[in-house]
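Structure file query_28.csv with CSV, C-alpha atoms:
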chain,number,residue,atom,x,y,z
C,1,MET,CA,99.3,52.3,182.7
C,2,ARG,CA,97.0,52.1,179.7
C,3,PRO,CA,99.3,49.6,177.6
C,4,PHE,CA,99.4,47.3,180.7
C,5,LEU,CA,95.7,47.2,180.9
C,6,SER,CA,95.4,46.5,177.2
C,7,VAL,CA,97.8,43.5,177.3
C,8,ALA,CA,96.4,42.1,180.7
C,9,PRO,CA,93.5,39.9,179.3
C,10,PHE,CA,95.9,38.1,177.0
C,11,PHE,CA,98.3,37.1,179.8
C,12,VAL,CA,95.4,36.1,182.0
C,13,MET,CA,94.0,33.7,179.4
C,14,LEU,CA,97.4,32.3,178.6
C,15,SER,CA,98.2,31.7,182.3
C,16,SER,CA,94.9,29.9,182.7
C,17,LEU,CA,95.6,27.5,179.8
C,18,ILE,CA,99.0,26.7,181.2
C,19,VAL,CA,97.6,26.0,184.6
C,20,PHE,CA,94.9,23.7,183.1
C,21,ALA,CA,97.6,21.9,181.1
C,22,GLU,CA,99.8,21.4,184.1
C,23,ALA,CA,96.9,20.2,186.1
C,24,THR,CA,96.1,17.6,183.5
C,25,THR,CA,99.7,16.5,183.3
C,26,ASN,CA,100.0,16.2,187.0
C,27,ALA,CA,96.7,14.2,187.1
C,28,VAL,CA,98.1,11.8,184.5
C,29,ALA,CA,101.2,11.5,186.4
C,30,ALA,CA,99.4,10.8,189.7
C,31,ALA,CA,96.8,8.5,188.2
C,32,PRO,CA,98.2,5.1,189.5
C,33,SER,CA,97.8,6.4,193.1
C,34,SER,CA,94.1,7.0,193.2
C,35,GLY,CA,90.8,6.2,191.6
C,36,LEU,CA,89.9,9.8,191.0
C,37,SER,CA,93.1,10.2,189.1
C,38,ASP,CA,92.1,7.3,186.9
C,39,THR,CA,88.8,8.9,186.2
C,40,VAL,CA,90.4,12.2,185.3
C,41,THR,CA,93.0,10.5,183.2
C,42,LYS,CA,90.3,8.5,181.5
C,43,ILE,CA,88.3,11.6,180.8
C,44,ALA,CA,91.3,13.5,179.6
C,45,GLY,CA,92.1,10.6,177.4
C,46,ASP,CA,88.6,10.4,176.0
C,47,PHE,CA,88.7,14.1,175.2
C,48,GLY,CA,92.2,14.0,173.8
C,49,VAL,CA,93.7,16.4,176.3
C,50,THR,CA,97.4,15.8,176.4
C,51,VAL,CA,100.4,17.9,177.3
C,52,PRO,CA,101.6,18.2,173.7
C,53,ALA,CA,98.2,19.0,172.4
C,54,VAL,CA,97.8,21.7,175.1
C,55,LEU,CA,101.2,23.1,174.4
C,56,ALA,CA,100.3,23.1,170.7
C,57,GLN,CA,97.1,24.9,171.5
C,58,VAL,CA,99.0,27.4,173.6
C,59,VAL,CA,101.4,28.0,170.9
C,60,ASN,CA,98.6,28.4,168.3
C,61,PHE,CA,96.7,30.6,170.6
C,62,SER,CA,99.8,32.7,171.3
C,63,ILE,CA,100.4,33.0,167.6
C,64,VAL,CA,96.8,34.0,167.0
C,65,ALA,CA,96.8,36.3,169.9
C,66,ALA,CA,100.1,37.9,168.8
C,67,ILE,CA,98.6,38.3,165.3
C,68,LEU,CA,95.5,39.8,166.7
C,69,TRP,CA,97.5,42.0,169.0
C,70,PHE,CA,99.6,43.4,166.3
C,71,VAL,CA,97.1,43.5,163.4
C,72,ALA,CA,93.8,44.4,165.1
C,73,PHE,CA,94.1,45.2,168.8
C,74,LYS,CA,97.0,47.6,168.6
C,75,PRO,CA,95.7,49.8,165.7
C,76,VAL,CA,92.3,49.9,167.4
C,77,MET,CA,94.0,50.9,170.7
C,78,ALA,CA,96.0,53.4,168.8
C,79,SER,CA,92.9,54.8,167.2
C,80,ILE,CA,91.2,54.8,170.6
C,81,GLN,CA,94.1,56.6,172.1
C,82,GLU,CA,94.1,59.1,169.2
C,83,ARG,CA,90.4,59.6,169.8
C,84,GLN,CA,91.0,60.0,173.5
C,85,GLU,CA,93.7,62.5,172.8
C,86,LYS,CA,91.4,64.3,170.4
C,87,ILE,CA,88.7,64.3,173.1
C,88,GLN,CA,91.1,65.5,175.7
C,89,ALA,CA,92.2,68.2,173.3
C,90,GLY,CA,88.6,69.0,172.6
C,91,LEU,CA,87.8,69.1,176.3
C,92,LYS,CA,90.8,71.3,176.8
C,93,TYR,CA,89.8,73.5,173.9
C,94,ALA,CA,86.3,73.7,175.4
C,95,GLU,CA,87.8,74.6,178.8
C,96,ASP,CA,89.9,77.3,177.1
C,97,MET,CA,86.9,78.5,175.2
C,98,LYS,CA,84.9,78.5,178.4
C,99,ALA,CA,87.6,80.5,180.1
C,100,GLN,CA,87.8,82.8,177.1
C,101,LEU,CA,84.0,83.1,177.0
C,102,ALA,CA,84.0,84.0,180.7
C,103,ALA,CA,86.8,86.5,180.1
C,104,ALA,CA,84.9,87.9,177.1
C,105,GLN,CA,81.7,88.0,179.1
C,106,GLN,CA,83.5,89.8,181.9
C,107,GLU,CA,85.1,92.1,179.4
C,108,SER,CA,81.8,92.7,177.6
C,109,ALA,CA,80.2,93.3,181.0
C,110,GLY,CA,82.9,95.9,181.7
C,111,VAL,CA,82.5,97.5,178.3
C,112,ILE,CA,78.7,97.5,178.7
C,113,LYS,CA,79.1,99.0,182.2
C,114,THR,CA,81.4,101.7,180.8
C,115,ALA,CA,79.1,102.3,177.9
C,116,HIS,CA,76.2,102.5,180.2
C,117,ALA,CA,78.0,105.0,182.4
C,118,GLU,CA,79.1,107.0,179.3
C,119,ALA,CA,75.5,106.9,178.0
C,120,THR,CA,74.2,108.1,181.3
C,121,ARG,CA,76.7,110.9,181.3
C,122,LEU,CA,75.9,111.9,177.8
C,123,ILE,CA,72.2,111.8,178.6
C,124,GLU,CA,72.7,114.0,181.6
C,125,GLU,CA,74.8,116.3,179.6
C,126,SER,CA,72.3,116.4,176.8
C,127,ARG,CA,69.5,117.1,179.3
C,128,ARG,CA,71.5,119.9,180.9
C,129,THR,CA,72.4,121.4,177.5
C,130,ALA,CA,68.8,121.1,176.4
C,131,LYS,CA,67.7,122.8,179.6
C,132,GLU,CA,70.2,125.6,179.1
C,133,VAL,CA,69.1,126.1,175.5
C,134,VAL,CA,65.5,126.2,176.5
C,135,GLU,CA,66.2,128.6,179.3
C,136,LYS,CA,68.3,130.8,176.9
C,137,SER,CA,65.6,130.7,174.2
C,138,GLN,CA,62.9,131.6,176.8
C,139,LYS,CA,65.0,134.5,178.0
C,140,GLU,CA,65.7,135.7,174.5
C,141,ALA,CA,62.0,135.4,173.7
C,142,VAL,CA,61.0,137.3,176.8
C,143,ASP,CA,63.6,140.0,176.1
C,144,ARG,CA,62.5,140.2,172.5
C,145,ALA,CA,58.9,140.5,173.5
C,146,ASN,CA,59.7,143.2,176.1
C,147,ASP,CA,61.6,145.0,173.4
C,148,LEU,CA,58.7,144.8,171.0
C,149,ILE,CA,56.3,145.9,173.6
C,150,GLN,CA,58.5,148.9,174.5
C,151,LYS,CA,58.9,149.8,170.9
C,152,ALA,CA,55.2,149.5,170.3
C,153,GLN,CA,54.5,151.6,173.3
C,154,GLN,CA,56.9,154.3,172.1
C,155,ALA,CA,55.4,154.1,168.6
C,156,ILE,CA,51.9,154.5,170.1
C,157,GLU,CA,53.1,157.4,172.3
C,158,LEU,CA,54.6,159.1,169.3
C,159,GLU,CA,51.5,158.5,167.2
C,160,HIS,CA,49.4,159.8,170.0
C,161,ARG,CA,51.5,163.0,170.3
C,162,LYS,CA,51.5,163.4,166.5
C,163,MET,CA,47.7,163.0,166.4
C,164,LEU,CA,47.3,165.5,169.2
C,165,ALA,CA,49.5,168.0,167.4
C,166,GLU,CA,47.7,167.5,164.1
C,167,THR,CA,44.4,167.8,165.8
C,168,ARG,CA,45.5,171.0,167.6
C,169,THR,CA,46.8,172.4,164.4
C,170,GLU,CA,43.6,171.5,162.5
C,171,ILE,CA,41.5,173.0,165.2
C,172,ALA,CA,43.5,176.2,165.3
C,173,ARG,CA,43.3,176.4,161.5
C,174,LEU,CA,39.5,175.9,161.7
C,175,VAL,CA,39.2,178.5,164.5
C,176,VAL,CA,41.3,181.0,162.5
C,177,ALA,CA,39.4,180.4,159.3
C,178,THR,CA,36.1,180.7,161.1
C,179,THR,CA,37.1,183.8,162.9
C,180,GLU,CA,38.4,185.4,159.7
C,181,ARG,CA,35.1,184.5,158.0
C,182,VAL,CA,33.1,185.9,160.9
C,183,LEU,CA,35.2,189.1,161.1
C,184,SER,CA,35.1,189.7,157.4
C,185,LYS,CA,31.3,189.6,157.6
C,186,HIS,CA,30.6,191.4,160.8
C,187,LEU,CA,33.4,194.0,161.0
C,188,SER,CA,31.9,197.4,160.0
C,189,GLU,CA,33.7,200.0,158.0
C,190,THR,CA,33.9,202.1,161.1
C,191,ASP,CA,35.6,199.3,163.0
C,192,ARG,CA,38.1,198.7,160.2
C,193,ALA,CA,38.9,202.4,160.0
C,194,ALA,CA,39.4,202.6,163.8
C,195,TYR,CA,41.6,199.5,163.7
C,196,ASN,CA,43.6,201.0,160.8
C,197,GLU,CA,44.2,204.2,162.8
C,198,ALA,CA,45.3,202.3,165.8
C,199,ALA,CA,47.6,200.2,163.7
C,200,ALA,CA,49.1,203.3,162.1
C,201,ARG,CA,49.7,204.8,165.5
C,202,GLU,CA,51.4,201.7,166.7
C,203,LEU,CA,53.6,201.5,163.5
C,204,THR,CA,54.6,205.1,163.7
C,205,SER,CA,55.3,204.9,167.4
C,206,ALA,CA,57.5,201.8,167.1
Q,1,MET,CA,84.6,192.2,129.5
Q,2,SER,CA,81.4,190.5,128.4
Q,3,VAL,CA,78.4,192.2,126.9
Q,4,LYS,CA,76.3,191.7,129.9
Q,5,LYS,CA,78.8,193.4,132.1
Q,6,ASN,CA,79.0,196.3,129.7
Q,7,VAL,CA,75.3,196.7,129.7
Q,8,GLN,CA,75.1,196.6,133.5
Q,9,GLN,CA,77.9,199.3,133.7
Q,10,ALA,CA,76.1,201.5,131.2
Q,11,ALA,CA,72.8,201.0,133.1
Q,12,ARG,CA,74.5,202.1,136.3
Q,13,GLN,CA,75.9,205.2,134.7
Q,14,LEU,CA,72.5,206.1,133.4
Q,15,TYR,CA,71.0,205.4,136.8
Q,16,LYS,CA,73.5,207.8,138.4
Q,17,LEU,CA,72.6,210.5,135.9
Q,18,SER,CA,69.0,210.2,137.0
Q,19,PHE,CA,69.7,211.8,140.4
Q,20,VAL,CA,69.7,215.5,141.3
Q,21,ASP,CA,70.9,216.4,144.7
Q,22,GLY,CA,70.7,212.7,145.8
Q,23,ARG,CA,67.0,212.5,144.7
Q,24,LEU,CA,65.5,210.6,141.8
Q,25,THR,CA,63.6,213.1,139.7
Q,26,GLN,CA,61.1,212.4,136.9
Q,27,GLU,CA,62.7,215.0,134.7
Q,28,GLN,CA,66.1,213.4,134.8
Q,29,VAL,CA,64.7,210.0,134.1
Q,30,ALA,CA,62.8,211.4,131.1
Q,31,GLY,CA,66.1,213.0,129.9
Q,32,VAL,CA,67.9,209.7,130.2
Q,33,LEU,CA,65.2,207.9,128.3
Q,34,ALA,CA,65.3,210.6,125.5
Q,35,TYR,CA,69.1,210.2,125.3
Q,36,VAL,CA,68.8,206.4,124.9
Q,37,GLU,CA,66.1,206.9,122.3
Q,38,LYS,CA,68.2,209.3,120.4
Q,39,THR,CA,71.6,207.6,120.5
Q,40,LYS,CA,70.2,204.0,120.2
Q,41,PRO,CA,73.2,202.3,121.8
Q,42,ALA,CA,74.1,198.6,121.2
Q,43,ASP,CA,71.9,196.2,123.2
Q,44,SER,CA,69.5,199.1,123.9
Q,45,LEU,CA,66.8,196.7,125.0
Q,46,ALA,CA,69.0,195.0,127.6
Q,47,LEU,CA,70.2,198.4,128.7
Q,48,LEU,CA,66.7,199.7,129.2
Q,49,LYS,CA,65.7,196.6,131.1
Q,50,ALA,CA,68.7,196.9,133.5
Q,51,TYR,CA,68.0,200.6,133.9
Q,52,GLN,CA,64.3,199.9,134.7
Q,53,ARG,CA,65.3,197.4,137.3
Q,54,LEU,CA,67.6,199.9,139.0
Q,55,ILE,CA,65.0,202.7,138.9
Q,56,ALA,CA,62.2,200.3,140.2
Q,57,ALA,CA,64.4,199.3,143.1
Q,58,GLU,CA,65.2,203.0,143.9
Q,59,VAL,CA,61.5,203.9,143.6
Q,60,ALA,CA,60.6,200.9,145.9
Q,61,ARG,CA,63.3,202.1,148.4
Q,62,ASN,CA,61.6,205.5,148.5
Q,63,GLN,CA,58.0,204.4,148.4
Q,64,ALA,CA,56.0,202.8,151.1
Q,65,VAL,CA,53.1,200.6,149.9
Q,66,VAL,CA,50.5,200.6,152.5
Q,67,GLU,CA,48.1,197.7,152.1
Q,68,HIS,CA,44.9,198.2,154.1
Q,69,ALA,CA,41.4,196.7,154.7
Q,70,GLY,CA,38.8,199.4,155.1
Q,71,SER,CA,39.3,203.0,154.7
Q,72,VAL,CA,42.6,204.9,155.5
Q,73,SER,CA,42.6,208.6,155.8
Q,74,PRO,CA,45.2,210.7,154.0
Q,75,GLU,CA,46.5,211.9,157.3
Q,76,THR,CA,47.2,208.4,158.4
Q,77,LEU,CA,49.2,207.8,155.2
Q,78,GLN,CA,51.1,211.0,155.7
Q,79,SER,CA,51.9,210.1,159.3
Q,80,VAL,CA,53.2,206.7,158.2
Q,81,ALA,CA,55.3,208.3,155.4
Q,82,SER,CA,56.8,210.8,157.8
Q,83,SER,CA,57.6,208.2,160.3
Q,84,LEU,CA,59.3,206.0,157.8
Q,85,SER,CA,61.2,209.0,156.4
Q,86,LYS,CA,62.5,209.6,159.8
Q,87,THR,CA,63.4,205.9,160.3
Q,88,TYR,CA,65.2,205.5,157.0
Q,89,GLN,CA,66.7,209.0,156.9
Q,90,ARG,CA,65.4,209.7,153.4
Q,91,PRO,CA,62.2,211.0,151.9
Q,92,ILE,CA,59.6,208.2,151.5
Q,93,THR,CA,56.1,208.6,150.0
Q,94,ALA,CA,53.2,206.4,151.0
Q,95,THR,CA,50.9,204.7,148.5
Q,96,ALA,CA,47.6,203.1,149.5
Q,97,ARG,CA,46.6,199.7,148.2
Q,98,PRO,CA,43.4,198.0,149.3
Q,99,ASN,CA,43.8,194.4,150.5
Q,100,PRO,CA,40.6,192.8,152.0
Q,101,ALA,CA,42.5,189.7,153.1
Q,102,LEU,CA,43.9,191.7,156.0
Q,103,LEU,CA,40.4,192.0,157.5
Q,104,ALA,CA,41.5,195.2,159.3
Q,105,GLY,CA,44.8,196.9,159.9
Q,106,LEU,CA,47.8,197.8,157.8
Q,107,ARG,CA,50.7,196.1,156.0
Q,108,VAL,CA,53.5,198.6,155.0
Q,109,ARG,CA,56.2,197.4,152.6
Q,110,VAL,CA,59.4,199.5,152.1
Q,111,GLY,CA,61.8,197.9,149.7
Q,112,ASP,CA,62.4,194.5,151.3
Q,113,ASP,CA,61.1,195.5,154.7
Q,114,VAL,CA,57.5,194.7,155.8
Q,115,TYR,CA,55.7,196.1,158.8
Q,116,GLU,CA,52.3,194.6,159.5
Q,117,ASN,CA,49.6,195.2,162.1
Q,118,SER,CA,46.5,193.5,160.9
Q,119,LEU,CA,43.8,191.1,162.2
Q,120,ALA,CA,44.8,188.5,159.6
Q,121,SER,CA,48.4,188.5,160.8
Q,122,GLN,CA,47.4,188.3,164.4
Q,123,LEU,CA,45.0,185.4,163.7
Q,124,SER,CA,47.7,183.6,161.7
Q,125,GLN,CA,50.1,184.1,164.6
Q,126,LEU,CA,47.5,182.8,167.0
Q,127,GLY,CA,47.0,179.8,164.9
Q,128,SER,CA,50.7,179.0,164.7
Q,129,ASN,CA,51.2,179.5,168.4
Q,130,VAL,CA,48.4,177.1,169.4
Step by step, read the file and then write its structure as structure tokens.
Amino acid sequence: MRPFLSVAPFFVMLSSLIVFAEATTNAVAAAPSSGLSDTVTKIAGDFGVTVPAVLAQVVNFSIVAAILWFVAFKPVMASIQERQEKIQAGLKYAEDMKAQLAAAQQESAGVIKTAHAEATRLIEESRRTAKEVVEKSQKEAVDRANDLIQKAQQAIELEHRKMLAETRTEIARLVVATTERVLSKHLSETDRAAYNEAAARELTSA
Amino acid sequence: MSVKKNVQQAARQLYKLSFVDGRLTQEQVAGVLAYVEKTKPADSLALLKAYQRLIAAEVARNQAVVEHAGSVSPETLQSVASSLSKTYQRPITATARPNPALLAGLRVRVGDDVYENSLASQLSQLGSNV
């Protein structure tokens, strides 16, 4: 289709020249029969339009057209066709790239969606783990605090009992020492002798 | 046999010679000492020390030391001695020794045994029971 279109102007121009030359020839041939023909013939003669000249012009034109066709028009058309093919290939490549881009976008969207879901899952898991760790730490802290409080209470209780015992012992020691001092001052010889007699009786009776 | 064992054995023999009818007498002890002084056996000093320990233990076994605060009558001492002689089934003599730390009452020591009934012991017991 494309080569026919490329050659078509040449044939159109050639057919027009042939028709014009035939018309001139026919006019010359029909000249004796009418005045108009004479006029045409005269004009054609004045301008030098004859069948041989027209044929020579046709031949010349054909040769020039062939030379132009093979030397200039055909390489240009080949270059144009090559460029068209390149453009077609580029367009096809662009279409492919577009399709690949769409596929890549779709794939990336899927990957992003998967990554988003994974990230959401990880965040939820991290939150749950953090919550568990915090709860565990709080429970341990509370247990430790309760343990410390219990130990402190036990230590306080022991210290209290120890202090009470020491106080009781000290008071008893002071009472005994004071009593001994008082008795040593206020016991008369008679009292001591009587106590000695009673102690002797108790020892001998035992 | 070591020298120490020989000395101990000799001291026990001299100790047995100091008794007459199961009782330690002053005359027998004086005789034993005169014998040792006369014969001068080997290690006489160690022998006399061992003999002294045995005699002191025997004297302590037969002697009641009655510590007291305040006065104690001879009758009281005698009653204590007779009671202890009856308890130990041997003649025991009582010796008085003043001890004001007792405040009032008696502490009787026979050998390793101690009997006490004094204000100081009762107060100490009260203090330890509180």
Using all atoms listed in the file, select each residue of chain Q with any atom at most 10 Å away from an atom of chain C, and give the selection as a ChimeraX atom specification.
-> /Q:68-73,75-77,79-84,86-87,100-108,115-120,122-130
CA of Thr93 in chain Q sits from CA of Ala64 in chain Q at a separation of 5.9 Å
Calculate how many Å separate CA of Ala46 in chain Q from CA of Asp21 in chain Q, rounding to one decimal.
->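 Answer for the CA of Ala46 in chain Q to CA of Asp21 in chain Q separation: 27.5 Å.
Separating CA of Leu48 in chain Q from CA of Tyr35 in chain Q is a distance of 11.5 Å.
Close to (64.0, 199.6, 155.0), meaning no more than 12 Å away when counting only C-alpha atoms, sit the residues Q:Ala57, Q:Glu58, Q:Ala60, Q:Arg61, Q:Asn62, Q:Gln63, Q:Ala64, Q:Ser83, Q:Leu84, Q:Ser85, Q:Lys86, Q:Thr87, Q:Tyr88, Q:Gln89, Q:Arg90, Q:Pro91, Q:Ile92, Q:Val108, Q:Arg109, Q:Val110, Q:Gly111, Q:Asp112, Q:Asp113, Q:Val114, Q:Tyr115.
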Leaving out range 25-29 of chain Q and any residue of its chain fewer than 5 positions from it, which residues lie within 9 Å of it when counting only C-alpha atoms, given as a list in words?
-> Leu14, Tyr15, Leu17, Ser18, Phe19, Val20, Ala34 and Ile55 of chain Q
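Closest approach to Val3 in chain Q among Q:Val36, Q:Gly31, Q:Leu24, Q:Ser44 is made by Q:Ser44 (distances from all atoms listed in the file).
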